[in-house]
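Comments concern the structure below.
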Amino acid sequence: MKSTPDHLDILFEDNHLIIVNKKPGDIVQGDKTGDIPLSEIVKAYIKKKYKKPGNVFLGVVHRLDRPTSGAVIFARTSKALTRLNQMLKDKKIQKTYWAIVKNVPPEKQSILIHYLIKNPKNNKSTAYDEEKTGSKKAVLNYKIIGKSDNYYLLEIDLKTGRHHQIRSQLAKIGSPIKGDLKYGFSRSNPDKGISLHARKLEFMHPVSKKEIQVIAPTPKNDIWKKFLIK
């Protein structure tokens with residue numbers, strides 16, 4: 001089920017920020033599909049809850065791929081948006097992801113360094129072991145934190161924010177994410193999403209300067225239940 005103003009999973013909310021647990025299939029920002037984006041759904045929620053007349057300000061701080069689930073930050077004030085954008089550039093927003101894969105990675109934990117080239121025609125990034133013309137360096141740490149009968153659960157600490165970075169890097173080491181047909185998994189998930197989840201965000205509040213830590217519950221389906229997690 002896609003998000004609606006009355007069915008948003010809100011993880012944090014104050015005068016400056018709102019953090020939402022995105023469902024697989026939601027788009028964060030409007031695109032050529034014309035589907036209603038999560039940003040507009042959050043605006044409708046704010047307008048209704050706070051009885052705001054006129055347009056509601058909402059800034060998109062970062063995005064998640066459409067088939068991915070998990071925590072997304074929106075700014076409710078221009079001050080917060082400016083500061084969060086700078087924090088993102090300065091790598092002061094710590095993002096932790098969970099991914100389910102069928103093929104066990106070569107090591108229990110490792111750092112992956114690749115060079116990614118994005119192809120706009122098929123909206124796909126290819127990871128290379130060595131730097132190439134036009135490539136961007138991509139770095140992440142992963143570790144195996146769970147195992148079910150058929151799958152492994154990885155925790156990923158993202159060091160750079162490249163296009164389809166986790167998806168392309170895991171595919172490169174032979175461990176494509178469950179349901180990710182684009183990057184080589186054999187079949188789709190029932191909800192058409194992929195088993196990649198933005199699990200945790202840690203950062204200093206851009207206005208109050210308090211430490212914020214938000215954990216997004218995983219999607220309610222049998223794939224995640226096999227790891228007995230919420």
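Ordering of the structure tokens sets the chain letters (A, B, ...); residue numbers start at 1 within each chain; ligands are numbered from 1 in the order shown.
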Contacts of Val72 (chain A) at 10 Å (only C-alpha atoms; same-chain gap of 5+ positions) as a ChimeraX atom specification: /A:10-11,18-22,28,38,60-64,198,200-201,216
Expected file: the selected residues, C-alpha atoms, as an mmCIF file, in the first residue's frame:
data_model
loop_
_atom_site.group_PDB
_atom_site.id
_atom_site.type_symbol
_atom_site.label_atom_id
_atom_site.label_comp_id
_atom_site.auth_asym_id
_atom_site.auth_seq_id
_atom_site.Cartn_x
_atom_site.Cartn_y
_atom_site.Cartn_z
ATOM 1 C CA ILE A 10 6.167 9.455 10.839
ATOM 2 C CA LEU A 11 9.401 8.774 12.712
ATOM 3 C CA ILE A 18 9.720 15.741 9.485
ATOM 4 C CA ILE A 19 11.176 12.271 8.953
ATOM 5 C CA VAL A 20 8.988 9.672 7.258
ATOM 6 C CA ASN A 21 9.356 5.908 6.830
ATOM 7 C CA LYS A 22 8.924 5.530 3.063
ATOM 8 C CA VAL A 28 10.151 11.033 -2.879
ATOM 9 C CA LEU A 38 5.785 11.549 -1.004
ATOM 10 C CA VAL A 60 13.411 17.642 -0.042
ATOM 11 C CA VAL A 61 16.770 17.022 1.676
ATOM 12 C CA HIS A 62 17.656 13.679 0.059
ATOM 13 C CA ARG A 63 15.978 10.921 -1.899
ATOM 14 C CA LEU A 64 15.611 7.155 -1.851
ATOM 15 C CA ALA A 198 17.187 2.958 4.988
ATOM 16 C CA LYS A 200 18.875 4.512 10.626
ATOM 17 C CA LEU A 201 19.682 8.232 10.465
ATOM 18 C CA ALA A 216 12.819 3.030 10.662
#
List the neighbours of Ser186 (chain A) out to 12 Å using only C-alpha atoms; skip same-chain residues closer than 4 positions along the sequence, and give me the result as a short mmCIF file (atom, residue, chain, number, x, y, z; two decimals) with C-alpha atoms, in the first residue's frame.
data_model
loop_
_atom_site.label_atom_id
_atom_site.label_comp_id
_atom_site.auth_asym_id
_atom_site.auth_seq_id
_atom_site.Cartn_x
_atom_site.Cartn_y
_atom_site.Cartn_z
CA VAL A 101 20.88 -10.79 -0.45
CA LYS A 102 20.80 -14.43 -1.53
CA ASN A 103 24.47 -14.84 -2.43
CA ALA A 171 25.79 -6.53 -7.65
CA SER A 175 25.40 -10.28 -4.18
CA PRO A 176 22.52 -8.38 -5.86
CA ILE A 177 19.73 -7.22 -3.54
CA LYS A 178 16.64 -9.44 -3.32
CA GLY A 179 14.03 -8.33 -5.87
CA ASP A 180 16.41 -6.02 -7.76
CA LEU A 181 15.92 -7.19 -11.35
CA LYS A 182 17.79 -4.15 -12.69
CA ILE A 194 13.60 -4.35 -3.46
#
Residues within 12 Å of Lys136 (chain A), please, as a VMD selection string. Count only C-alpha atoms; anything in the same chain fewer than 5 positions from it doesn't count. chain A and resid 113 to 118 125 to 131 160 to 165
Store the residues picked out above in a file with C-alpha atoms, as a PDB file, in the first residue's frame.
ATOM      1  CA  ILE A 113      35.533   0.814  -3.108  1.00  0.00           C
ATOM      2  CA  HIS A 114      34.362   1.089  -6.704  1.00  0.00           C
ATOM      3  CA  TYR A 115      34.100   3.678  -9.445  1.00  0.00           C
ATOM      4  CA  LEU A 116      30.577   4.233 -10.753  1.00  0.00           C
ATOM      5  CA  ILE A 117      29.433   5.413 -14.144  1.00  0.00           C
ATOM      6  CA  LYS A 118      25.771   6.344 -14.525  1.00  0.00           C
ATOM      7  CA  SER A 125      25.053   2.708 -12.641  1.00  0.00           C
ATOM      8  CA  THR A 126      27.890   0.317 -13.424  1.00  0.00           C
ATOM      9  CA  ALA A 127      30.609  -0.307 -10.837  1.00  0.00           C
ATOM     10  CA  TYR A 128      34.237  -0.722 -11.890  1.00  0.00           C
ATOM     11  CA  ASP A 129      37.272  -1.757  -9.850  1.00  0.00           C
ATOM     12  CA  GLU A 130      39.419   0.980 -11.340  1.00  0.00           C
ATOM     13  CA  GLU A 131      38.836   4.639 -12.068  1.00  0.00           C
ATOM     14  CA  THR A 160      29.476   8.363  -0.328  1.00  0.00           C
ATOM     15  CA  GLY A 161      26.070   9.070  -1.868  1.00  0.00           C
ATOM     16  CA  ARG A 162      26.197   7.946  -5.487  1.00  0.00           C
ATOM     17  CA  HIS A 163      23.387   7.011  -7.888  1.00  0.00           C
ATOM     18  CA  HIS A 164      22.215   3.455  -7.098  1.00  0.00           C
ATOM     19  CA  GLN A 165      25.433   3.013  -5.132  1.00  0.00           C
TER      20      GLN A 165
END
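DSSP, applied to the backbone of this structure, assigns helix (DSSP H, G or I) to the following residues of region 15-104 of chain A: A:Leu38, A:Ser39, A:Glu40, A:Ile41, A:Val42, A:Lys43, A:Ala44, A:Tyr45, A:Ile46, A:Lys47, A:Lys48, A:Lys49, A:Ser78, A:Lys79, A:Ala80, A:Leu81, A:Thr82, A:Arg83, A:Leu84, A:Asn85, A:Gln86, A:Met87, A:Leu88, A:Lys89.
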Okay, now the selection with N, CA and C atoms, as a compact mmCIF listing (two decimals), in the first residue's frame?
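Result file follows (out_5.txt):
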# COMPACT_ATOMS: atom_id res chain seq x y z
N LEU A 38 5.87 11.52 -2.46
CA LEU A 38 5.79 11.55 -1.00
C LEU A 38 5.83 12.99 -0.48
N SER A 39 6.61 13.85 -1.14
CA SER A 39 6.70 15.25 -0.71
C SER A 39 5.33 15.92 -0.69
N GLU A 40 4.50 15.65 -1.70
CA GLU A 40 3.16 16.24 -1.76
C GLU A 40 2.24 15.63 -0.70
N ILE A 41 2.42 14.35 -0.44
CA ILE A 41 1.61 13.66 0.59
C ILE A 41 1.94 14.22 1.97
N VAL A 42 3.22 14.48 2.22
CA VAL A 42 3.64 15.06 3.51
C VAL A 42 3.11 16.49 3.63
N LYS A 43 3.15 17.25 2.54
CA LYS A 43 2.58 18.61 2.55
C LYS A 43 1.10 18.58 2.92
N ALA A 44 0.36 17.66 2.33
CA ALA A 44 -1.08 17.54 2.61
C ALA A 44 -1.32 17.19 4.08
N TYR A 45 -0.45 16.33 4.62
CA TYR A 45 -0.55 15.95 6.04
C TYR A 45 -0.33 17.18 6.94
N ILE A 46 0.71 17.97 6.64
CA ILE A 46 1.03 19.17 7.44
C ILE A 46 -0.10 20.19 7.35
N LYS A 47 -0.59 20.39 6.13
CA LYS A 47 -1.67 21.36 5.90
C LYS A 47 -2.91 21.01 6.73
N LYS A 48 -3.25 19.73 6.75
CA LYS A 48 -4.43 19.26 7.48
C LYS A 48 -4.20 19.31 8.99
N LYS A 49 -3.06 18.81 9.44
CA LYS A 49 -2.80 18.72 10.89
C LYS A 49 -2.72 20.10 11.55
N SER A 78 12.96 26.93 5.56
CA SER A 78 14.07 27.18 4.64
C SER A 78 15.40 27.17 5.40
N LYS A 79 15.39 27.62 6.65
CA LYS A 79 16.61 27.60 7.47
C LYS A 79 17.10 26.16 7.66
N ALA A 80 16.18 25.27 8.00
CA ALA A 80 16.54 23.86 8.19
C ALA A 80 17.03 23.24 6.88
N LEU A 81 16.37 23.59 5.77
CA LEU A 81 16.76 23.02 4.47
C LEU A 81 18.18 23.43 4.10
N THR A 82 18.50 24.71 4.25
CA THR A 82 19.85 25.20 3.91
C THR A 82 20.90 24.49 4.75
N ARG A 83 20.63 24.37 6.05
CA ARG A 83 21.61 23.74 6.95
C ARG A 83 21.74 22.24 6.70
N LEU A 84 20.62 21.58 6.45
CA LEU A 84 20.67 20.13 6.18
C LEU A 84 21.39 19.84 4.86
N ASN A 85 21.17 20.68 3.85
CA ASN A 85 21.88 20.50 2.58
C ASN A 85 23.39 20.60 2.79
N GLN A 86 23.80 21.54 3.63
CA GLN A 86 25.23 21.70 3.92
C GLN A 86 25.76 20.51 4.71
N MET A 87 24.97 20.04 5.66
CA MET A 87 25.36 18.86 6.46
C MET A 87 25.53 17.63 5.57
N LEU A 88 24.65 17.51 4.59
CA LEU A 88 24.73 16.39 3.65
C LEU A 88 26.04 16.47 2.85
N LYS A 89 26.36 17.68 2.37
CA LYS A 89 27.62 17.87 1.63
C LYS A 89 28.83 17.57 2.49
Which of region 48-205 of chain A end up as strand (DSSP E or B) when DSSP is run on this backbone - answer as a PyMOL selection string? chain A and resi 59-60+69-75+94-101+109-119+124-128+136-147+152-158+177+196-204
Take the residues that were just selected and, keeping C-alpha atoms, output them as a tab-separated table (two decimals), in the first residue's frame.
chain	number	residue	atom	x	y	z
A	59	GLY	CA	12.14	20.97	1.29
A	60	VAL	CA	13.41	17.64	-0.04
A	69	SER	CA	12.02	1.70	1.82
A	70	GLY	CA	13.07	3.57	4.94
A	71	ALA	CA	13.81	6.92	6.57
A	72	VAL	CA	13.59	10.13	4.52
A	73	ILE	CA	14.18	13.64	5.90
A	74	PHE	CA	12.11	16.63	4.79
A	75	ALA	CA	12.71	20.23	5.94
A	94	GLN	CA	25.10	9.26	9.08
A	95	LYS	CA	23.00	6.81	7.05
A	96	THR	CA	22.77	3.09	7.82
A	97	TYR	CA	21.01	0.72	5.42
A	98	TRP	CA	19.90	-2.90	5.63
A	99	ALA	CA	19.92	-5.13	2.55
A	100	ILE	CA	18.81	-8.72	2.01
A	101	VAL	CA	20.88	-10.79	-0.45
A	109	GLN	CA	32.52	-7.62	6.70
A	110	SER	CA	34.49	-5.42	4.36
A	111	ILE	CA	34.89	-2.01	2.81
A	112	LEU	CA	33.89	-1.76	-0.86
A	113	ILE	CA	35.53	0.81	-3.11
A	114	HIS	CA	34.36	1.09	-6.70
A	115	TYR	CA	34.10	3.68	-9.44
A	116	LEU	CA	30.58	4.23	-10.75
A	117	ILE	CA	29.43	5.41	-14.14
A	118	LYS	CA	25.77	6.34	-14.53
A	119	ASN	CA	23.94	5.65	-17.77
A	124	LYS	CA	21.56	2.41	-14.12
A	125	SER	CA	25.05	2.71	-12.64
A	126	THR	CA	27.89	0.32	-13.42
A	127	ALA	CA	30.61	-0.31	-10.84
A	128	TYR	CA	34.24	-0.72	-11.89
A	136	LYS	CA	32.72	8.72	-9.40
A	137	LYS	CA	34.33	7.03	-6.43
A	138	ALA	CA	31.88	5.03	-4.29
A	139	VAL	CA	32.70	3.78	-0.80
A	140	LEU	CA	30.67	1.73	1.68
A	141	ASN	CA	31.26	-0.61	4.61
A	142	TYR	CA	29.13	-3.73	4.99
A	143	LYS	CA	28.82	-6.53	7.52
A	144	ILE	CA	26.61	-9.62	7.68
A	145	ILE	CA	24.28	-9.25	10.69
A	146	GLY	CA	21.72	-11.99	10.05
A	147	LYS	CA	20.97	-15.22	8.18
A	152	TYR	CA	21.67	-12.96	4.38
A	153	LEU	CA	21.01	-9.61	6.03
A	154	LEU	CA	23.69	-6.97	5.54
A	155	GLU	CA	24.17	-3.72	7.44
A	156	ILE	CA	25.65	-1.00	5.25
A	157	ASP	CA	27.39	2.17	6.34
A	158	LEU	CA	27.31	4.51	3.36
A	177	ILE	CA	19.73	-7.22	-3.54
A	196	LEU	CA	16.91	-2.42	0.62
A	197	HIS	CA	15.87	-0.36	3.65
A	198	ALA	CA	17.19	2.96	4.99
A	199	ARG	CA	17.28	1.73	8.58
A	200	LYS	CA	18.88	4.51	10.63
A	201	LEU	CA	19.68	8.23	10.46
A	202	GLU	CA	21.99	9.98	12.93
A	203	PHE	CA	22.72	13.70	12.84
A	204	MET	CA	22.69	16.91	14.85
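For the residues A:Ser188, A:Ile27, A:His7, A:Asp14, ranking by smallest atom-to-atom distance to Ser208 (chain A) using only C-alpha atoms places A:Asp14 first.
Counting from CA of Ile212 (chain A), the distance to CA of Thr77 (chain A) is 17.3 Å.
The interatomic distance for the pair CA of Lys108 (chain A) and CA of Asp149 (chain A) works out to 17.1 Å.
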